[in-house]
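Source file: structure.tsv (TSV, C-alpha atoms)
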```tsv
chain	number	residue	atom	x	y	z
W	1	MET	CA	1.86	16.14	-23.27
W	2	THR	CA	-0.92	16.33	-20.67
W	3	ARG	CA	-2.55	13.17	-21.98
W	4	GLY	CA	0.76	11.31	-21.85
W	5	TRP	CA	1.36	12.38	-18.25
W	6	LEU	CA	-2.13	11.33	-17.23
W	7	SER	CA	-1.66	7.90	-18.79
W	8	ARG	CA	1.49	7.39	-16.70
W	9	PHE	CA	-0.04	8.72	-13.50
W	10	PRO	CA	-1.63	5.45	-12.26
W	11	ALA	CA	1.68	3.58	-12.44
W	12	ALA	CA	3.49	6.47	-10.72
W	13	CYS	CA	0.97	6.40	-7.87
W	14	GLY	CA	2.88	3.52	-6.30
W	15	LEU	CA	5.85	5.83	-5.79
W	16	PHE	CA	3.57	8.59	-4.51
W	17	TYR	CA	2.01	6.15	-2.04
W	18	VAL	CA	5.35	5.27	-0.48
W	19	ILE	CA	6.64	8.86	-0.34
W	20	ILE	CA	3.44	10.26	1.17
W	21	ALA	CA	3.11	7.38	3.65
W	22	LEU	CA	6.68	7.81	4.88
W	23	VAL	CA	6.36	11.58	5.20
W	24	ALA	CA	3.00	11.30	6.96
W	25	SER	CA	4.25	8.71	9.43
W	26	GLY	CA	7.33	10.81	10.28
W	27	SER	CA	10.10	9.38	12.41
W	28	GLY	CA	7.67	7.81	14.87
W	29	ASP	CA	7.52	8.13	18.63
W	30	ASP	CA	9.32	5.57	20.76
W	31	THR	CA	7.09	6.44	23.71
W	32	ALA	CA	3.85	5.81	21.81
W	33	PRO	CA	1.77	2.94	23.19
W	34	THR	CA	1.22	-0.32	21.31
W	35	SER	CA	-1.60	-2.84	21.39
W	36	THR	CA	0.15	-4.56	24.29
W	37	SER	CA	0.12	-1.41	26.45
W	38	SER	CA	-2.38	-1.02	29.26
W	39	GLY	CA	-5.59	0.86	28.64
W	40	ARG	CA	-4.61	3.46	31.22
W	41	ALA	CA	-1.28	4.12	29.46
W	42	ILE	CA	-2.98	4.40	26.06
W	43	ALA	CA	-5.63	6.79	27.36
W	44	ALA	CA	-3.02	8.97	29.08
W	45	TYR	CA	-0.82	9.15	25.98
W	46	ALA	CA	-3.78	9.94	23.70
W	47	ALA	CA	-4.96	12.71	26.02
W	48	ALA	CA	-1.50	14.30	25.94
W	49	HIS	CA	-1.10	13.97	22.15
W	50	GLN	CA	-4.37	15.21	20.71
W	51	ALA	CA	-4.23	15.61	16.93
W	52	GLY	CA	-5.45	18.45	14.76
W	53	ALA	CA	-8.32	18.56	12.30
W	54	PHE	CA	-6.18	17.27	9.44
W	55	ALA	CA	-4.67	14.35	11.36
W	56	GLY	CA	-4.35	11.31	9.19
W	57	LEU	CA	-4.93	13.22	5.95
W	58	GLY	CA	-1.54	12.18	4.61
W	59	GLU	CA	-2.17	8.50	5.38
W	60	MET	CA	-5.55	8.66	3.64
W	61	VAL	CA	-4.08	10.28	0.53
W	62	ALA	CA	-1.34	7.64	0.50
W	63	LEU	CA	-3.90	4.83	0.64
W	64	LEU	CA	-5.89	6.35	-2.21
W	65	ALA	CA	-2.69	6.48	-4.25
W	66	LEU	CA	-2.17	2.78	-3.48
W	67	ALA	CA	-5.68	2.05	-4.79
W	68	VAL	CA	-4.85	3.79	-8.08
W	69	PHE	CA	-1.56	1.86	-8.30
W	70	ALA	CA	-3.46	-1.41	-7.83
W	71	VAL	CA	-5.56	-0.42	-10.87
W	72	ALA	CA	-2.33	0.16	-12.83
W	73	LEU	CA	-1.10	-3.33	-11.91
W	74	TYR	CA	-4.47	-4.77	-12.89
W	75	THR	CA	-4.35	-2.99	-16.26
W	76	ALA	CA	-0.79	-4.15	-16.98
W	77	LEU	CA	-1.57	-7.79	-16.19
W	78	SER	CA	-4.94	-7.91	-17.93
W	79	ARG	CA	-3.34	-7.07	-21.28
W	80	THR	CA	-2.29	-10.73	-21.43
W	81	GLU	CA	-5.08	-13.28	-21.77
W	82	ALA	CA	-3.33	-15.81	-19.54
W	83	ALA	CA	-3.02	-13.31	-16.69
W	84	LYS	CA	-6.53	-11.85	-16.64
W	85	GLU	CA	-7.69	-13.92	-13.64
W	86	ALA	CA	-4.52	-13.06	-11.74
W	87	ALA	CA	-5.12	-9.38	-12.56
W	88	VAL	CA	-8.50	-9.58	-10.82
W	89	VAL	CA	-6.80	-11.07	-7.73
W	90	VAL	CA	-4.38	-8.13	-7.71
W	91	LEU	CA	-7.24	-5.64	-7.87
W	92	ILE	CA	-9.12	-7.41	-5.06
W	93	GLY	CA	-5.99	-7.47	-2.90
W	94	GLY	CA	-5.39	-3.77	-3.44
W	95	VAL	CA	-9.00	-2.77	-2.74
W	96	LEU	CA	-9.14	-4.88	0.43
W	97	THR	CA	-5.86	-3.43	1.71
W	98	VAL	CA	-7.08	0.12	1.28
W	99	ALA	CA	-10.59	-0.58	2.61
W	100	ILE	CA	-9.42	-2.34	5.77
W	101	LYS	CA	-6.96	0.40	6.67
W	102	LEU	CA	-9.42	3.18	5.95
W	103	GLY	CA	-12.01	1.33	8.02
W	104	SER	CA	-9.70	1.42	11.05
W	105	PHE	CA	-9.11	5.18	10.86
W	106	PRO	CA	-12.34	6.50	12.51
W	107	ALA	CA	-11.63	4.77	15.83
W	108	TYR	CA	-7.97	5.84	15.74
W	109	PHE	CA	-8.88	9.45	14.97
W	110	ALA	CA	-11.55	9.47	17.66
W	111	LEU	CA	-8.96	8.33	20.20
W	112	TYR	CA	-6.51	11.09	19.31
W	113	SER	CA	-8.93	13.94	18.68
W	114	GLY	CA	-11.61	13.48	21.31
W	115	GLY	CA	-10.44	16.46	23.34
W	116	GLN	CA	-10.69	14.56	26.60
W	117	THR	CA	-9.34	11.49	28.36
W	118	THR	CA	-10.92	8.31	27.02
W	119	ASP	CA	-12.00	5.43	29.21
W	120	PRO	CA	-8.97	3.05	29.44
W	121	ALA	CA	-10.88	0.02	28.14
W	122	VAL	CA	-12.31	2.00	25.21
W	123	ALA	CA	-8.91	3.56	24.45
W	124	ARG	CA	-7.27	0.15	24.28
W	125	ALA	CA	-10.02	-1.18	22.01
W	126	MET	CA	-9.63	1.79	19.66
W	127	LEU	CA	-5.89	1.34	19.40
W	128	GLN	CA	-6.20	-2.40	18.90
W	129	MET	CA	-8.62	-1.89	16.01
W	130	ASN	CA	-5.89	0.02	14.19
W	131	ALA	CA	-3.24	-2.59	15.08
W	132	TYR	CA	-5.41	-5.51	13.98
W	133	ALA	CA	-6.24	-3.75	10.72
W	134	PHE	CA	-2.51	-3.45	10.00
W	135	GLU	CA	-1.97	-7.15	10.70
W	136	ILE	CA	-4.86	-8.16	8.44
W	137	THR	CA	-3.45	-6.08	5.59
W	138	LEU	CA	-0.32	-8.24	5.66
W	139	PHE	CA	-2.51	-10.95	4.14
W	140	THR	CA	-4.28	-8.67	1.67
W	141	GLN	CA	-0.93	-7.31	0.51
W	142	ALA	CA	0.25	-10.90	0.13
W	143	LEU	CA	-2.87	-11.58	-1.96
W	144	LEU	CA	-2.01	-8.67	-4.26
W	145	LEU	CA	1.60	-9.82	-4.57
W	146	SER	CA	0.53	-13.41	-5.24
W	147	GLY	CA	-1.61	-12.23	-8.14
W	148	VAL	CA	1.30	-10.23	-9.51
W	149	ALA	CA	3.62	-13.24	-9.18
W	150	ILE	CA	1.26	-15.66	-10.93
W	151	GLY	CA	0.20	-13.22	-13.63
W	152	GLY	CA	3.75	-12.05	-14.31
W	153	LEU	CA	5.34	-15.49	-14.40
W	154	VAL	CA	2.57	-17.14	-16.43
W	155	GLY	CA	1.54	-14.32	-18.72
W	156	GLY	CA	4.76	-12.32	-18.92
W	157	ALA	CA	2.83	-9.03	-18.83
W	158	ILE	CA	5.39	-7.58	-16.44
W	159	PRO	CA	9.10	-8.40	-16.00
W	160	ARG	CA	9.46	-11.88	-14.56
W	161	TRP	CA	12.08	-10.74	-12.03
W	162	LEU	CA	9.51	-8.31	-10.65
W	163	ALA	CA	6.89	-11.06	-10.51
W	164	ALA	CA	9.29	-13.49	-8.83
W	165	THR	CA	10.23	-11.02	-6.10
W	166	ALA	CA	6.53	-10.37	-5.54
W	167	GLY	CA	6.00	-14.08	-4.93
W	168	VAL	CA	8.86	-14.28	-2.43
W	169	LEU	CA	7.61	-11.19	-0.61
W	170	ALA	CA	4.05	-12.56	-0.46
W	171	VAL	CA	5.31	-15.64	1.38
W	172	ALA	CA	7.50	-13.51	3.67
W	173	LEU	CA	4.55	-11.32	4.69
W	174	VAL	CA	2.43	-14.31	5.67
W	175	VAL	CA	5.25	-16.10	7.48
W	176	SER	CA	6.22	-12.93	9.38
W	177	PHE	CA	2.75	-12.47	10.87
W	178	PRO	CA	3.12	-14.74	13.92
W	179	VAL	CA	6.70	-13.56	14.47
W	180	PHE	CA	6.01	-9.82	14.65
W	181	ALA	CA	2.29	-9.76	15.53
W	182	SER	CA	2.89	-8.48	19.08
W	183	LYS	CA	5.88	-6.23	18.42
W	184	GLY	CA	4.07	-3.24	16.90
W	185	PHE	CA	6.29	-3.17	13.81
W	186	ASN	CA	6.90	-5.68	11.02
W	187	PRO	CA	10.21	-5.08	9.19
W	188	ILE	CA	8.94	-7.02	6.16
W	189	GLU	CA	6.70	-4.02	5.49
W	190	LEU	CA	9.84	-2.11	4.48
W	191	PHE	CA	10.41	-4.67	1.72
W	192	TRP	CA	6.78	-4.24	0.66
W	193	LEU	CA	7.31	-0.48	0.33
W	194	ALA	CA	10.57	-1.05	-1.57
W	195	TRP	CA	8.83	-3.46	-3.98
W	196	VAL	CA	6.05	-0.95	-4.64
W	197	VAL	CA	8.64	1.74	-5.47
W	198	VAL	CA	10.51	-0.55	-7.87
W	199	ALA	CA	7.31	-1.79	-9.49
W	200	SER	CA	5.96	1.74	-9.85
W	201	VAL	CA	9.13	3.06	-11.49
W	202	THR	CA	9.38	-0.01	-13.74
W	203	LEU	CA	5.79	0.22	-14.97
W	204	THR	CA	6.08	3.98	-15.51
W	205	ILE	CA	9.24	3.57	-17.59
W	206	ARG	CA	7.73	0.70	-19.60
W	207	HIS	CA	4.59	2.75	-20.24
W	208	THR	CA	6.68	5.72	-21.36
W	209	ALA	CA	8.77	3.55	-23.68
W	210	ALA	CA	5.67	1.91	-25.16
W	211	ALA	CA	4.02	5.29	-25.75
W	212	ALA	CA	7.16	6.60	-27.46
W	213	MET	CA	7.28	3.52	-29.70
W	214	ARG	CA	3.64	3.93	-30.70
W	215	GLN	CA	4.28	7.58	-31.50
W	216	ARG	CA	7.25	6.70	-33.70
W	217	GLU	CA	5.21	4.03	-35.48
W	218	ALA	CA	2.41	6.52	-36.08
W	219	ILE	CA	4.84	9.05	-37.54
W	220	THR	CA	6.44	6.40	-39.75
W	221	ALA	CA	3.05	5.23	-41.00
W	222	THR	CA	1.97	8.77	-41.88
W	223	PRO	CA	2.23	9.27	-45.67
```

Spell out the structure here as structure tokens.
Amino acid sequence: MTRGWLSRFPAACGLFYVIIALVASGSGDDTAPTSTSSGRAIAAYAAAHQAGAFAGLGEMVALLALAVFAVALYTALSRTEAAKEAAVVVLIGGVLTVAIKLGSFPAYFALYSGGQTTDPAVARAMLQMNAYAFEITLFTQALLLSGVAIGGLVGGAIPRWLAATAGVLAVALVVSFPVFASKGFNPIELFWLAWVVVASVTLTIRHTAAAAMRQREAITATP
């Protein structure tokens, strides 16, 4: 039982990523500054909203879950010879997405946990690092989705409807970049989260069904 649960865990990590990310982000703050805010406004807001020692822990756990889910996608695609190269692209896209976002966290945490008012120019630079990291990950997420689309449609290792929607979403993420770059929020990201949930549930169910079939075959083959 434990071994079966562990084998399904990587695929389920996509669902965990979305749930933890949404819970960690909360409902948001409409008064929070964006990358277009003045340095003085950013520094004042950060000084009034200092975070605790565990700030950002939820976001970091969510990103680690995304990394594990990328491995699950890689494993699913690499089972088919024709999709092995695409599987590598998926893994690279997932690793880059996680690495870029994690790399932006130290500056963001320093801004909100310094215990004192930050110089306006430095505060703005810190906040922009986080904003730019988010914008860059639109392209790395698109890279992951492109690999899924090509590998799924060519190799058939995953349902083709899931691969096709990944391809459409990859294009949408890239196209949306210049439209929402200065708005602080990209609504296409909601579709990315929805796709990850659907893909995670689909792969978990398929893995469970495949494991059950192998178990039945083993029992049947037993003399």

- Contacts of W:Phe69 at 8 Å (all atoms listed in the file; same-chain gap of 2+ positions) as a list in words: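 Once the nearby chain positions are removed, what remains is Pro10, Ala11, Ala12, Cys13, Gly14, Ala65, Leu66, Ala67, Val71, Ala72, Leu73 and Ser200 of chain W.
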
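Distances here use only C-alpha atoms; by that measure, the residue among W:Thr165, W:Thr137, W:Gln128, W:Thr118 closest to W:Gly93 is W:Thr137.
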
- Give me, please, the distance in Å between atom CA of W:Val174 and atom CA of W:Phe139, quoted to one decimal. 6.2 Å

- Task: Grab the atom CA of W:Ser25 to atom CA of W:Gly56 distance for me, in Å with one decimal place.
- Result: 9.0 Å

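The spacing separating atom CA of W:Ala47 from atom CA of W:Tyr112 amounts to 7.1 Å.
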
- Polymer residues at most 8 Å from stretch 142-145 of chain W, only C-alpha atoms, same-chain spacing of 5 or more positions, as a ChimeraX atom specification: /W:89-94,166-167,169-171,173-174

- Shell around W:Ala194 at 12 Å using all atoms listed in the file, local window under 4 positions removed, as a ChimeraX atom specification: /W:14-15,17-19,22,162,165-166,169,187-190,198-201

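Remark: for W:Ala32, the closest of the candidate residues W:Val122, W:Val197, W:Leu127, W:Thr140 is W:Leu127 (distances computed over all atoms listed in the file).
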
- Out of W:Ile20, W:Ala181, W:Ala41, W:Ile150, which residue has the shortest atom-to-atom distance to W:Glu85 when counting all atoms listed in the file? W:Ile150

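Among W:Tyr45, W:Phe9, W:Phe16, W:Phe191, the residue with the shortest atom-to-atom distance to W:Thr117, counting only C-alpha atoms, is W:Tyr45.
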
- Item | Who sits within 9 Å of W:Gly151, all atoms listed in the file, same chain under 2 positions skipped, as a list of chain:residue names | W:Leu77, W:Ser78, W:Thr80, W:Ala82, W:Ala83, W:Lys84, W:Glu85, W:Ala86, W:Ala87, W:Ser146, W:Gly147, W:Val148, W:Ala149, W:Leu153, W:Val154, W:Gly155, W:Gly156, W:Ala157, W:Ile158, W:Ala163

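When the distance limit is 9 Å and only C-alpha atoms are what count, the residues near W:Leu63, minus those fewer than 2 positions from it on the same chain, are W:Tyr17, W:Ala21, W:Gly58, W:Glu59, W:Met60, W:Val61, W:Ala65, W:Leu66, W:Ala67, W:Val68, W:Thr97, W:Val98, W:Ala99, W:Lys101, W:Leu102.
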
- Task: Select, from W:Ala43, W:Leu138, W:Ala123, W:Leu57, the residue with the minimum atom-to-atom distance to W:Phe105, counting all atoms listed in the file.
- Result: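 Distance minimum relative to W:Phe105 lands on W:Leu57.
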